[in-house]
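Quick look at target-v6.csv (CSV, C-alpha atoms):
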chain,number,residue,atom,x,y,z
A,84,ARG,CA,39.7,2.3,-10.8
A,85,GLY,CA,38.6,5.0,-13.2
A,86,PRO,CA,35.4,5.2,-15.2
A,87,ASP,CA,36.2,2.3,-17.6
A,88,ARG,CA,34.6,-1.0,-16.4
A,89,LYS,CA,36.2,-3.3,-19.0
A,90,LEU,CA,38.1,-6.1,-17.3
A,91,GLU,CA,41.4,-5.2,-18.9
A,92,ALA,CA,41.1,-1.6,-17.7
A,93,ILE,CA,40.3,-2.8,-14.2
A,94,ASP,CA,43.3,-5.2,-14.3
A,95,ARG,CA,45.5,-2.4,-15.4
A,96,ALA,CA,44.2,0.0,-12.7
A,97,CYS,CA,44.7,-2.7,-10.0
A,98,ARG,CA,48.4,-2.7,-10.6
A,99,PHE,CA,48.6,0.8,-9.3
A,100,PHE,CA,47.1,0.0,-5.9
A,101,ARG,CA,49.4,-0.4,-3.0
A,102,THR,CA,49.0,-2.9,-0.1
A,103,ASP,CA,47.9,-0.3,2.3
A,104,GLU,CA,45.2,0.9,-0.1
A,105,TYR,CA,43.9,-2.6,-0.5
A,106,ARG,CA,43.8,-2.9,3.3
A,107,ASP,CA,41.8,0.3,3.5
A,108,LEU,CA,39.4,-1.1,1.0
A,109,GLN,CA,39.0,-4.3,3.0
A,110,VAL,CA,38.3,-2.4,6.2
A,111,LEU,CA,35.9,0.1,4.6
A,112,PHE,CA,34.0,-2.8,2.9
A,113,ASN,CA,33.5,-4.5,6.2
A,114,LEU,CA,32.6,-1.3,8.0
A,115,ALA,CA,29.9,-0.8,5.3
A,116,TRP,CA,28.2,-4.0,6.5
A,117,CYS,CA,28.2,-2.9,10.2
A,118,GLY,CA,24.8,-1.5,10.8
A,119,PHE,CA,23.8,1.1,13.4
A,120,ALA,CA,23.6,-1.5,16.2
A,121,LEU,CA,27.3,-2.3,15.9
A,122,ASP,CA,28.1,1.4,15.9
A,123,ALA,CA,26.2,1.8,19.2
A,124,GLU,CA,27.7,-1.2,20.9
A,125,TYR,CA,31.3,-1.5,19.8
A,126,GLU,CA,33.9,1.2,20.2
A,127,VAL,CA,36.2,-0.4,17.6
A,128,VAL,CA,33.6,0.1,14.9
A,129,ARG,CA,33.0,3.7,15.8
A,130,ALA,CA,36.7,4.5,16.0
A,131,LEU,CA,37.6,2.9,12.6
A,132,ARG,CA,34.6,4.6,10.9
A,133,ALA,CA,35.8,7.9,12.3
A,134,LYS,CA,39.4,7.2,11.2
A,135,GLY,CA,38.4,6.7,7.6
A,136,ARG,CA,41.8,5.5,6.1
A,137,ASP,CA,45.3,4.3,6.8
A,138,TYR,CA,44.2,1.2,8.7
A,139,THR,CA,46.7,-1.3,10.2
A,140,GLU,CA,46.6,-5.1,10.1
A,141,ASP,CA,45.8,-5.1,13.8
A,142,GLU,CA,42.9,-2.8,13.3
A,143,LYS,CA,41.6,-5.0,10.4
A,144,ARG,CA,41.8,-8.1,12.6
A,145,ALA,CA,40.1,-6.3,15.5
A,146,LEU,CA,37.2,-5.3,13.2
A,147,LEU,CA,36.8,-8.9,11.9
A,148,GLU,CA,36.8,-10.3,15.4
A,149,THR,CA,34.2,-7.8,16.5
A,150,MET,CA,32.0,-8.8,13.6
A,151,ARG,CA,32.4,-12.5,14.4
A,152,ALA,CA,31.4,-11.7,18.0
A,153,ALA,CA,28.3,-9.9,16.8
A,154,VAL,CA,27.4,-12.8,14.6
A,155,ARG,CA,27.8,-15.3,17.4
A,156,ARG,CA,25.1,-13.4,19.4
A,157,VAL,CA,22.4,-13.5,16.6
A,158,VAL,CA,20.9,-16.9,17.4
A,159,GLY,CA,20.5,-16.1,21.1
A,160,LEU,CA,19.0,-12.7,20.3
A,161,TYR,CA,16.4,-14.3,18.0
A,162,ALA,CA,15.6,-17.0,20.5
A,163,ASP,CA,15.1,-14.4,23.3
A,164,ALA,CA,12.8,-12.3,21.1
A,165,ALA,CA,10.7,-15.3,20.3
A,166,ALA,CA,10.6,-16.4,24.0
A,167,HIS,CA,9.3,-13.0,25.0
A,168,GLY,CA,6.7,-12.8,22.2
A,169,ARG,CA,8.4,-10.0,20.3
A,170,ALA,CA,9.0,-12.2,17.2
A,171,GLU,CA,7.8,-15.4,15.5
A,172,LEU,CA,10.6,-17.3,13.9
A,173,THR,CA,10.1,-19.1,10.6
A,174,CYS,CA,12.3,-21.1,8.3
A,175,SER,CA,12.7,-22.1,4.7
A,176,PRO,CA,13.6,-25.4,3.0
A,177,PHE,CA,17.3,-26.0,3.7
A,178,TYR,CA,19.2,-25.2,0.4
A,179,HIS,CA,16.6,-22.7,-0.8
A,180,PRO,CA,15.0,-24.8,-3.6
A,181,ILE,CA,12.2,-23.5,-5.7
A,182,LEU,CA,9.7,-26.1,-4.4
A,183,PRO,CA,7.2,-26.0,-7.2
A,184,LEU,CA,9.9,-26.7,-9.8
A,185,LEU,CA,10.9,-29.8,-7.8
A,186,CYS,CA,7.4,-31.0,-7.0
A,187,ARG,CA,6.0,-30.7,-10.6
A,188,MET,CA,8.0,-28.7,-13.1
A,189,SER,CA,5.2,-28.8,-15.6
A,190,ASP,CA,3.4,-26.1,-13.4
A,191,ALA,CA,6.0,-23.6,-14.7
A,192,ALA,CA,4.2,-23.8,-18.1
A,193,ARG,CA,1.4,-21.6,-16.7
A,194,SER,CA,3.7,-18.6,-17.0
A,195,VAL,CA,6.7,-19.7,-19.1
A,196,PRO,CA,6.3,-20.9,-22.7
A,197,ALA,CA,6.7,-24.6,-23.0
A,198,SER,CA,9.4,-24.1,-25.7
A,199,ARG,CA,11.6,-22.5,-23.2
A,200,LEU,CA,11.3,-25.3,-20.6
A,201,PRO,CA,13.7,-28.2,-20.3
A,202,GLU,CA,13.3,-31.1,-22.6
A,203,LYS,CA,12.5,-33.4,-19.7
A,204,LEU,CA,10.4,-31.9,-16.9
A,205,TRP,CA,11.3,-32.9,-13.4
A,206,THR,CA,9.0,-34.4,-10.9
A,207,GLU,CA,11.0,-34.9,-7.7
A,208,PRO,CA,8.6,-34.4,-4.8
A,209,GLU,CA,10.8,-36.5,-2.5
A,210,GLU,CA,13.7,-34.2,-3.0
A,211,ALA,CA,11.4,-31.2,-2.2
A,212,ARG,CA,10.3,-33.1,0.9
A,213,ARG,CA,13.9,-33.8,1.9
A,214,GLN,CA,14.8,-30.1,1.6
A,215,LEU,CA,11.8,-29.1,3.6
A,216,ARG,CA,12.6,-31.6,6.4
A,217,TYR,CA,16.3,-30.5,6.5
A,218,GLY,CA,15.1,-26.9,7.1
A,219,LEU,CA,12.6,-27.8,9.7
A,220,ASP,CA,15.0,-30.1,11.6
A,221,PHE,CA,17.8,-27.5,11.6
A,222,HIS,CA,15.4,-24.9,13.0
A,223,GLU,CA,14.3,-27.3,15.7
A,224,ARG,CA,17.9,-28.1,16.6
A,225,THR,CA,18.8,-24.4,16.7
A,226,PHE,CA,15.8,-23.0,18.5
A,227,GLY,CA,14.4,-26.0,20.4
A,228,ALA,CA,11.0,-26.1,18.7
A,229,LEU,CA,9.6,-26.6,15.2
A,230,PRO,CA,8.4,-23.4,13.5
A,231,ARG,CA,4.7,-22.9,12.8
A,232,GLY,CA,5.3,-20.8,9.7
A,233,LEU,CA,7.3,-21.2,6.5
A,234,TRP,CA,8.6,-18.8,3.9
A,235,PRO,CA,8.9,-20.9,0.7
A,236,PRO,CA,12.0,-19.7,-1.1
A,237,GLU,CA,11.2,-16.7,-3.3
A,238,GLY,CA,7.6,-17.0,-2.1
A,239,ALA,CA,7.2,-19.7,-4.7
A,240,ILE,CA,4.1,-21.8,-4.2
A,241,SER,CA,1.9,-24.3,-6.1
A,242,ASP,CA,-0.8,-26.7,-5.1
A,243,ALA,CA,1.7,-29.6,-5.1
A,244,ALA,CA,4.2,-27.6,-3.0
A,245,LEU,CA,1.5,-26.5,-0.5
A,246,ALA,CA,0.3,-30.1,0.0
A,247,LEU,CA,3.9,-31.1,0.8
A,248,ILE,CA,4.3,-28.2,3.3
A,249,ALA,CA,1.0,-29.1,5.0
A,250,ALA,CA,2.0,-32.8,5.2
A,251,GLU,CA,5.1,-31.8,7.2
A,252,GLY,CA,3.0,-30.1,9.9
A,253,VAL,CA,3.6,-26.5,9.0
A,254,ARG,CA,0.6,-24.3,10.0
A,255,TRP,CA,1.0,-21.3,7.7
A,256,ALA,CA,3.0,-20.2,4.7
A,257,ALA,CA,3.3,-16.9,2.8
A,258,SER,CA,3.6,-15.6,-0.8
A,259,ASP,CA,3.0,-12.5,-2.8
A,260,GLU,CA,-0.1,-10.6,-3.7
A,261,GLU,CA,0.5,-11.0,-7.4
A,262,VAL,CA,0.3,-14.8,-7.0
A,263,LEU,CA,-3.1,-14.3,-5.2
A,264,ALA,CA,-4.3,-12.0,-8.1
A,265,ALA,CA,-3.2,-14.5,-10.7
A,266,GLY,CA,-5.2,-17.2,-9.0
A,267,PHE,CA,-8.2,-14.9,-9.4
A,268,GLU,CA,-7.3,-14.5,-13.1
A,269,ARG,CA,-6.9,-10.7,-12.7
A,270,ASP,CA,-4.3,-8.2,-13.8
A,271,THR,CA,-5.3,-5.8,-11.0
A,272,ARG,CA,-4.4,-5.9,-7.3
A,273,PRO,CA,-6.5,-8.0,-5.0
A,274,ALA,CA,-9.2,-6.0,-3.2
A,275,PRO,CA,-8.3,-5.0,0.4
A,276,HIS,CA,-10.8,-7.6,1.8
A,277,GLU,CA,-9.0,-10.3,-0.2
A,278,LEU,CA,-5.3,-9.3,0.4
A,279,TYR,CA,-5.3,-8.3,4.1
A,280,ARG,CA,-6.7,-11.6,5.4
A,281,PRO,CA,-5.6,-15.2,5.8
A,282,TRP,CA,-6.8,-17.9,3.4
A,283,GLN,CA,-7.1,-21.6,3.9
A,284,ALA,CA,-5.3,-23.9,1.4
A,285,ALA,CA,-7.5,-26.4,-0.4
A,286,ASP,CA,-6.9,-29.3,1.9
A,287,GLY,CA,-7.8,-27.3,5.0
A,288,ARG,CA,-4.5,-27.9,6.9
A,289,LEU,CA,-2.5,-24.8,5.9
A,290,SER,CA,-3.2,-21.1,6.3
A,291,LEU,CA,-1.9,-18.7,3.6
A,292,ILE,CA,-1.0,-15.1,3.8
A,293,PHE,CA,0.0,-12.8,1.0
A,294,ARG,CA,2.4,-9.8,1.3
A,295,ASP,CA,1.6,-6.3,0.4
A,296,HIS,CA,3.9,-5.9,-2.6
A,297,HIS,CA,3.6,-2.1,-2.6
A,298,LEU,CA,4.6,-1.6,1.0
A,299,ALA,CA,7.6,-3.9,0.7
A,300,ASP,CA,8.8,-2.0,-2.3
A,301,LEU,CA,8.4,1.3,-0.4
A,302,ILE,CA,10.9,0.1,2.2
A,303,GLY,CA,13.2,-1.4,-0.4
A,304,PHE,CA,13.4,1.2,-3.1
A,305,VAL,CA,11.6,4.5,-2.1
A,306,SER,CA,11.8,5.4,1.6
A,307,ARG,CA,15.6,5.3,1.5
A,308,ASP,CA,15.6,8.6,-0.5
A,309,TRP,CA,13.4,10.5,2.0
A,310,SER,CA,13.9,11.9,5.5
A,311,ALA,CA,13.2,9.3,8.2
A,312,ALA,CA,10.2,11.3,9.5
A,313,ASP,CA,8.6,11.7,6.0
A,314,ALA,CA,9.2,8.0,5.1
A,315,ALA,CA,7.7,6.8,8.4
A,316,ALA,CA,4.7,9.2,8.1
A,317,ASP,CA,4.0,8.0,4.5
A,318,PHE,CA,4.2,4.4,5.6
A,319,LEU,CA,1.9,4.9,8.5
A,320,ALA,CA,-0.6,6.7,6.3
A,321,HIS,CA,-0.7,3.7,4.0
A,322,LEU,CA,-1.5,1.4,7.0
A,323,ARG,CA,-4.3,3.8,8.1
A,324,ARG,CA,-5.9,3.8,4.6
A,325,VAL,CA,-6.0,0.0,4.7
A,326,ALA,CA,-7.7,0.1,8.1
A,327,ALA,CA,-10.3,2.5,6.8
A,328,THR,CA,-11.5,0.0,4.2
A,329,VAL,CA,-12.6,-2.6,6.8
A,330,ALA,CA,-16.4,-2.8,7.5
A,331,PRO,CA,-17.6,-2.7,11.1
A,332,GLY,CA,-17.7,-6.1,12.7
A,333,GLN,CA,-15.0,-7.6,10.3
A,334,PRO,CA,-11.7,-8.9,11.6
A,335,PRO,CA,-8.9,-6.3,11.5
A,336,PRO,CA,-6.7,-6.4,8.4
A,337,LEU,CA,-3.5,-8.4,8.6
A,338,ILE,CA,-1.0,-6.3,6.6
A,339,SER,CA,2.1,-8.5,5.7
A,340,VAL,CA,5.2,-6.6,4.8
A,341,ILE,CA,7.7,-9.2,3.5
A,342,LEU,CA,11.1,-8.5,1.9
A,343,ASP,CA,14.7,-9.6,1.8
A,344,GLY,CA,15.6,-8.1,5.2
A,345,GLU,CA,19.2,-7.5,4.6
A,346,ASN,CA,18.9,-5.7,1.3
A,347,PRO,CA,17.6,-2.1,1.8
A,348,TRP,CA,19.6,-0.7,4.7
A,349,GLY,CA,22.8,0.0,2.9
A,350,TRP,CA,20.9,2.5,0.9
A,351,TYR,CA,19.7,4.4,3.9
A,352,ARG,CA,21.7,7.3,5.2
A,353,ASP,CA,22.0,5.8,8.7
A,354,ALA,CA,21.5,2.1,7.8
A,355,GLY,CA,17.8,2.6,8.4
A,356,GLU,CA,17.9,3.4,12.1
A,357,GLY,CA,16.0,6.7,11.8
A,358,PHE,CA,13.2,5.2,9.6
A,359,LEU,CA,12.8,2.1,11.7
A,360,ARG,CA,12.7,4.0,15.0
A,361,ALA,CA,10.2,6.6,13.6
A,362,LEU,CA,8.0,3.8,12.2
A,363,TYR,CA,7.8,1.8,15.4
A,364,GLN,CA,7.3,4.9,17.5
A,365,GLY,CA,4.4,5.8,15.2
A,366,ILE,CA,2.8,2.4,15.5
A,367,GLU,CA,3.1,2.5,19.3
A,368,ALA,CA,1.6,5.9,19.4
A,369,ASP,CA,-1.4,5.0,17.2
A,370,PRO,CA,-4.2,3.0,19.1
A,371,THR,CA,-5.5,1.7,15.8
A,372,LEU,CA,-2.3,0.0,14.8
A,373,THR,CA,-0.5,-2.9,16.5
A,374,THR,CA,2.3,-5.4,15.6
A,375,VAL,CA,1.3,-9.0,15.7
A,376,THR,CA,2.8,-12.4,14.9
A,377,VAL,CA,1.1,-14.4,12.2
A,378,SER,CA,0.4,-17.3,14.5
A,379,ASP,CA,-1.2,-15.0,17.2
A,380,TYR,CA,-3.4,-13.4,14.5
A,381,LEU,CA,-4.5,-16.8,13.2
A,382,GLU,CA,-5.4,-18.1,16.6
A,383,GLN,CA,-7.7,-15.1,17.1
A,384,TYR,CA,-8.9,-14.8,13.5
A,385,PRO,CA,-8.6,-18.1,11.6
A,386,PRO,CA,-9.3,-18.2,7.9
A,387,GLN,CA,-12.9,-18.0,6.9
A,388,GLN,CA,-12.5,-18.9,3.2
A,389,SER,CA,-10.5,-21.4,1.2
A,390,LEU,CA,-8.6,-21.2,-2.1
A,391,THR,CA,-9.5,-24.2,-4.2
A,392,SER,CA,-6.3,-23.8,-6.0
A,393,VAL,CA,-3.3,-21.4,-6.2
A,394,PHE,CA,-1.5,-20.0,-9.2
A,395,PRO,CA,2.0,-21.6,-9.4
A,396,GLY,CA,4.3,-18.6,-9.1
A,397,SER,CA,6.8,-16.7,-7.0
A,398,TRP,CA,7.2,-13.1,-5.7
A,399,VAL,CA,9.1,-12.2,-8.9
A,400,HIS,CA,6.4,-11.4,-11.4
A,401,HIS,CA,4.3,-14.3,-10.2
A,402,SER,CA,6.4,-16.5,-12.4
A,403,PHE,CA,9.4,-18.9,-12.2
A,404,SER,CA,11.2,-17.2,-15.1
A,405,THR,CA,14.2,-16.1,-12.9
A,406,TRP,CA,15.1,-19.8,-12.4
A,407,ILE,CA,13.7,-21.5,-15.5
A,408,GLY,CA,12.8,-20.4,-19.0
A,409,GLY,CA,16.1,-18.8,-20.2
A,410,ALA,CA,18.5,-20.6,-22.6
A,411,GLU,CA,21.1,-21.0,-19.9
A,412,HIS,CA,18.4,-22.3,-17.4
A,413,ARG,CA,17.2,-24.8,-20.0
A,414,ARG,CA,20.7,-26.1,-20.5
A,415,ALA,CA,21.4,-26.3,-16.8
A,416,TRP,CA,18.1,-28.2,-16.0
A,417,ASN,CA,18.7,-30.6,-19.0

Turn this file's structure into structure tokens for me.
Amino acid sequence: RGPDRKLEAIDRACRFFRTDEYRDLQVLFNLAWCGFALDAEYEVVRALRAKGRDYTEDEKRALLETMRAAVRRVVGLYADAAAHGRAELTCSPFYHPILPLLCRMSDAARSVPASRLPEKLWTEPEEARRQLRYGLDFHERTFGALPRGLWPPEGAISDAALALIAAEGVRWAASDEEVLAAGFERDTRPAPHELYRPWQAADGRLSLIFRDHHLADLIGFVSRDWSAADAAADFLAHLRRVAATVAPGQPPPLISVILDGENPWGWYRDAGEGFLRALYQGIEADPTLTTVTVSDYLEQYPPQQSLTSVFPGSWVHHSFSTWIGGAEHRRAWN
């Protein structure tokens, strides 16, 4: 392609690529999305990765069919993990709406200047409810049971959105620590006894947990550049420091590490296998650490305090500015 990223330069460079080179790019692109599990289980993935170039159409089709076969197994693997207590499955509203913007768009003015909001502010709670029901119903049809927990898209919550979620029978939802801090009207992180615990939403029907922003970013942007052993050791050290802050007789801290699960691993040398194995082995070897589902934790340690209100925001700078507040957003919403 060359170093010039102008469209006309790319178009000019493309004319010099041959069909077999485009085929190689297609196969290499799809191989890049095959994680370590596919390398371990499928000979075709290992063989094509080792070959490196000069792929045939038959090899390309074999790779695509292998990927389709892997995708067809995913739902069953998730259901099996949940049935054996190794995972708790959650869902989101169906088409990934930012619930607070549908429920009561005026809430966005808490973090976005009113002059940058649409001329007419939406109030469409029934559309938010419809999206939520679509997601819950699809989960129930797929896995045979309604989920107890919900990840609101982009961790975006507000009082109106939480009331809607609770009314649909969801037991718990999650957001980001910056949203919790903003509700306390602070610029600093919540204290450990505030962050690593569940809270009860104002109406008492819904539990809330808030993710450790720092630990999620460690996985997403920092650990990928370290050796697997060093990255896992550093992560485990963070967990132990949190545990050391708990006073005797208090419930154990619930440390929630939430991130876009597909994003980081392409940056890791081995698609994250070394880091993940070292991390889980370290947790298993440490008697002070254990993995737990949110629902299991809540059954044993239900929330002891309520939040009278939450700050309307998302996990992106505790704001909605990614989806509203820019000139193009204003035009689109109008």

List every protein, DNA or RNA residue that has at least one atom no more than 9 Å from (10.1, -3.0, 0.6) in the file's coordinates, counting all atoms listed in the file, and write the result as a tab-separated table (two decimals) with C-alpha atoms, in the frame of the given file.
chain	number	residue	atom	x	y	z
A	296	HIS	CA	3.90	-5.90	-2.60
A	297	HIS	CA	3.60	-2.10	-2.60
A	298	LEU	CA	4.60	-1.60	1.00
A	299	ALA	CA	7.60	-3.90	0.70
A	300	ASP	CA	8.80	-2.00	-2.30
A	301	LEU	CA	8.40	1.30	-0.40
A	302	ILE	CA	10.90	0.10	2.20
A	303	GLY	CA	13.20	-1.40	-0.40
A	304	PHE	CA	13.40	1.20	-3.10
A	305	VAL	CA	11.60	4.50	-2.10
A	306	SER	CA	11.80	5.40	1.60
A	340	VAL	CA	5.20	-6.60	4.80
A	341	ILE	CA	7.70	-9.20	3.50
A	342	LEU	CA	11.10	-8.50	1.90
A	343	ASP	CA	14.70	-9.60	1.80
A	344	GLY	CA	15.60	-8.10	5.20
A	347	PRO	CA	17.60	-2.10	1.80

query = Hey, what's within 9 Å of A:Phe177 if we count all atoms listed in the file and toss same-chain stuff fewer than 5 positions away? As a PyMOL selection string, please?
reply = chain A and resi 213-219+221

key: Sel. within 12 Å of pt (1.1, 5.0, 16.2), counting all atoms listed in the file, output as a VMD selection string   = chain A and resid 315 to 316 318 to 320 322 to 323 360 to 374

request  = Enter the distance from atom CA of A:Val127 to atom CA of A:Glu104, in Å, rounded to one decimal.
outcome  = 19.9 Å

inquiry  = So, with all atoms listed in the file as the atoms that count, which of A:Met150, A:Arg144, A:Pro86, A:Pro183 lies closest to A:Ala120?
reply    =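 Nearest to A:Ala120: A:Met150.
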
inquiry  = For a test of reading the model, state the distance in Å between atom CA of A:Arg254 and atom CA of A:Leu172, rounded to one decimal.
reply    =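 So the answer is 12.8 Å.
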
Any idea what's packed within 12 Å of A:Cys117, counting all atoms listed in the file, ignoring anything in its chain fewer than 2 positions away? Could you give it as a JSON list (two decimals) with C-alpha atoms, in the frame of the given file?
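Ended up saving to out.json:
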[["chain", "number", "residue", "atom", "x", "y", "z"],
["A", 110, "VAL", "CA", 38.30, -2.40, 6.20],
["A", 111, "LEU", "CA", 35.90, 0.10, 4.60],
["A", 112, "PHE", "CA", 34.00, -2.80, 2.90],
["A", 113, "ASN", "CA", 33.50, -4.50, 6.20],
["A", 114, "LEU", "CA", 32.60, -1.30, 8.00],
["A", 115, "ALA", "CA", 29.90, -0.80, 5.30],
["A", 119, "PHE", "CA", 23.80, 1.10, 13.40],
["A", 120, "ALA", "CA", 23.60, -1.50, 16.20],
["A", 121, "LEU", "CA", 27.30, -2.30, 15.90],
["A", 122, "ASP", "CA", 28.10, 1.40, 15.90],
["A", 123, "ALA", "CA", 26.20, 1.80, 19.20],
["A", 124, "GLU", "CA", 27.70, -1.20, 20.90],
["A", 125, "TYR", "CA", 31.30, -1.50, 19.80],
["A", 127, "VAL", "CA", 36.20, -0.40, 17.60],
["A", 128, "VAL", "CA", 33.60, 0.10, 14.90],
["A", 129, "ARG", "CA", 33.00, 3.70, 15.80],
["A", 131, "LEU", "CA", 37.60, 2.90, 12.60],
["A", 132, "ARG", "CA", 34.60, 4.60, 10.90],
["A", 146, "LEU", "CA", 37.20, -5.30, 13.20],
["A", 147, "LEU", "CA", 36.80, -8.90, 11.90],
["A", 149, "THR", "CA", 34.20, -7.80, 16.50],
["A", 150, "MET", "CA", 32.00, -8.80, 13.60],
["A", 151, "ARG", "CA", 32.40, -12.50, 14.40],
["A", 153, "ALA", "CA", 28.30, -9.90, 16.80],
["A", 154, "VAL", "CA", 27.40, -12.80, 14.60],
["A", 345, "GLU", "CA", 19.20, -7.50, 4.60],
["A", 348, "TRP", "CA", 19.60, -0.70, 4.70],
["A", 349, "GLY", "CA", 22.80, 0.00, 2.90],
["A", 353, "ASP", "CA", 22.00, 5.80, 8.70],
["A", 354, "ALA", "CA", 21.50, 2.10, 7.80],
["A", 355, "GLY", "CA", 17.80, 2.60, 8.40]]

query = Which one of A:Ala415, A:Cys174, A:Ile181, A:Ala228 sits closest to A:Glu202 if you count all atoms listed in the file?
reply = A:Ala415

Distance in Å - atom CA of A:Ser175 versus atom CA of A:Glu356 = 27.1 Å

inquiry  = Measuring between all atoms listed in the file, which one of A:Ala249, A:Leu337, A:Leu200, A:Leu263 shows the shortest distance to A:Val377?
reply    =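 Nearest to A:Val377: A:Leu337.
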
Pull the closest atom pair for each residue of stretch 240-335 of chain A that gets at most 9 Å from stretch 391-404 of chain A, along with the distance in Å to one decimal, counting only C-alpha atoms, ordering rows by chain and then ascending residue number, as a tab-separated table.
residue	atom	partner	partner_atom	distance
A:Ile240	CA	A:Pro395	CA	5.6
A:Ser241	CA	A:Pro395	CA	4.3
A:Asp242	CA	A:Val393	CA	6.0
A:Ser258	CA	A:Trp398	CA	6.6
A:Asp259	CA	A:Trp398	CA	5.1
A:Glu260	CA	A:Trp398	CA	8.0
A:Glu261	CA	A:His401	CA	5.8
A:Val262	CA	A:His401	CA	5.1
A:Leu263	CA	A:Phe394	CA	7.1
A:Ala264	CA	A:Phe394	CA	8.5
A:Ala265	CA	A:Phe394	CA	5.9
A:Gly266	CA	A:Phe394	CA	4.6
A:Phe267	CA	A:Phe394	CA	8.4
A:Glu268	CA	A:Phe394	CA	8.9
A:Gln283	CA	A:Thr391	CA	8.8
A:Ala284	CA	A:Thr391	CA	7.0
A:Ala285	CA	A:Thr391	CA	4.8
A:Asp286	CA	A:Thr391	CA	8.4
A:His296	CA	A:Trp398	CA	8.5

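Residue nearest A:Leu229 within the list A:Gly252, A:Asp141, A:Thr405, A:Val329: A:Gly252 [criterion: smallest interatomic distance, all atoms listed in the file].
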
ask   = Which neighbours of A:Pro275 fall inside 9 Å, counting all atoms listed in the file, when residues of the same chain fewer than 4 positions from it are skipped, and could you give them as a PyMOL selection string?
value = chain A and resi 279-280+325+328-329+336

ask   = With distances taken over all atoms listed in the file, which of A:Ala197, A:Leu359, A:Ala239, A:Ala162 is nearest to A:Ser310?
value =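 Once distances to A:Ser310 are computed over all atoms listed in the file, the minimum belongs to A:Leu359.
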
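Ranking A:Thr139, A:Trp406, A:Ala244, A:Phe226 by their shortest atom-to-atom distance to A:Arg212, with all atoms listed in the file included, puts A:Ala244 first.
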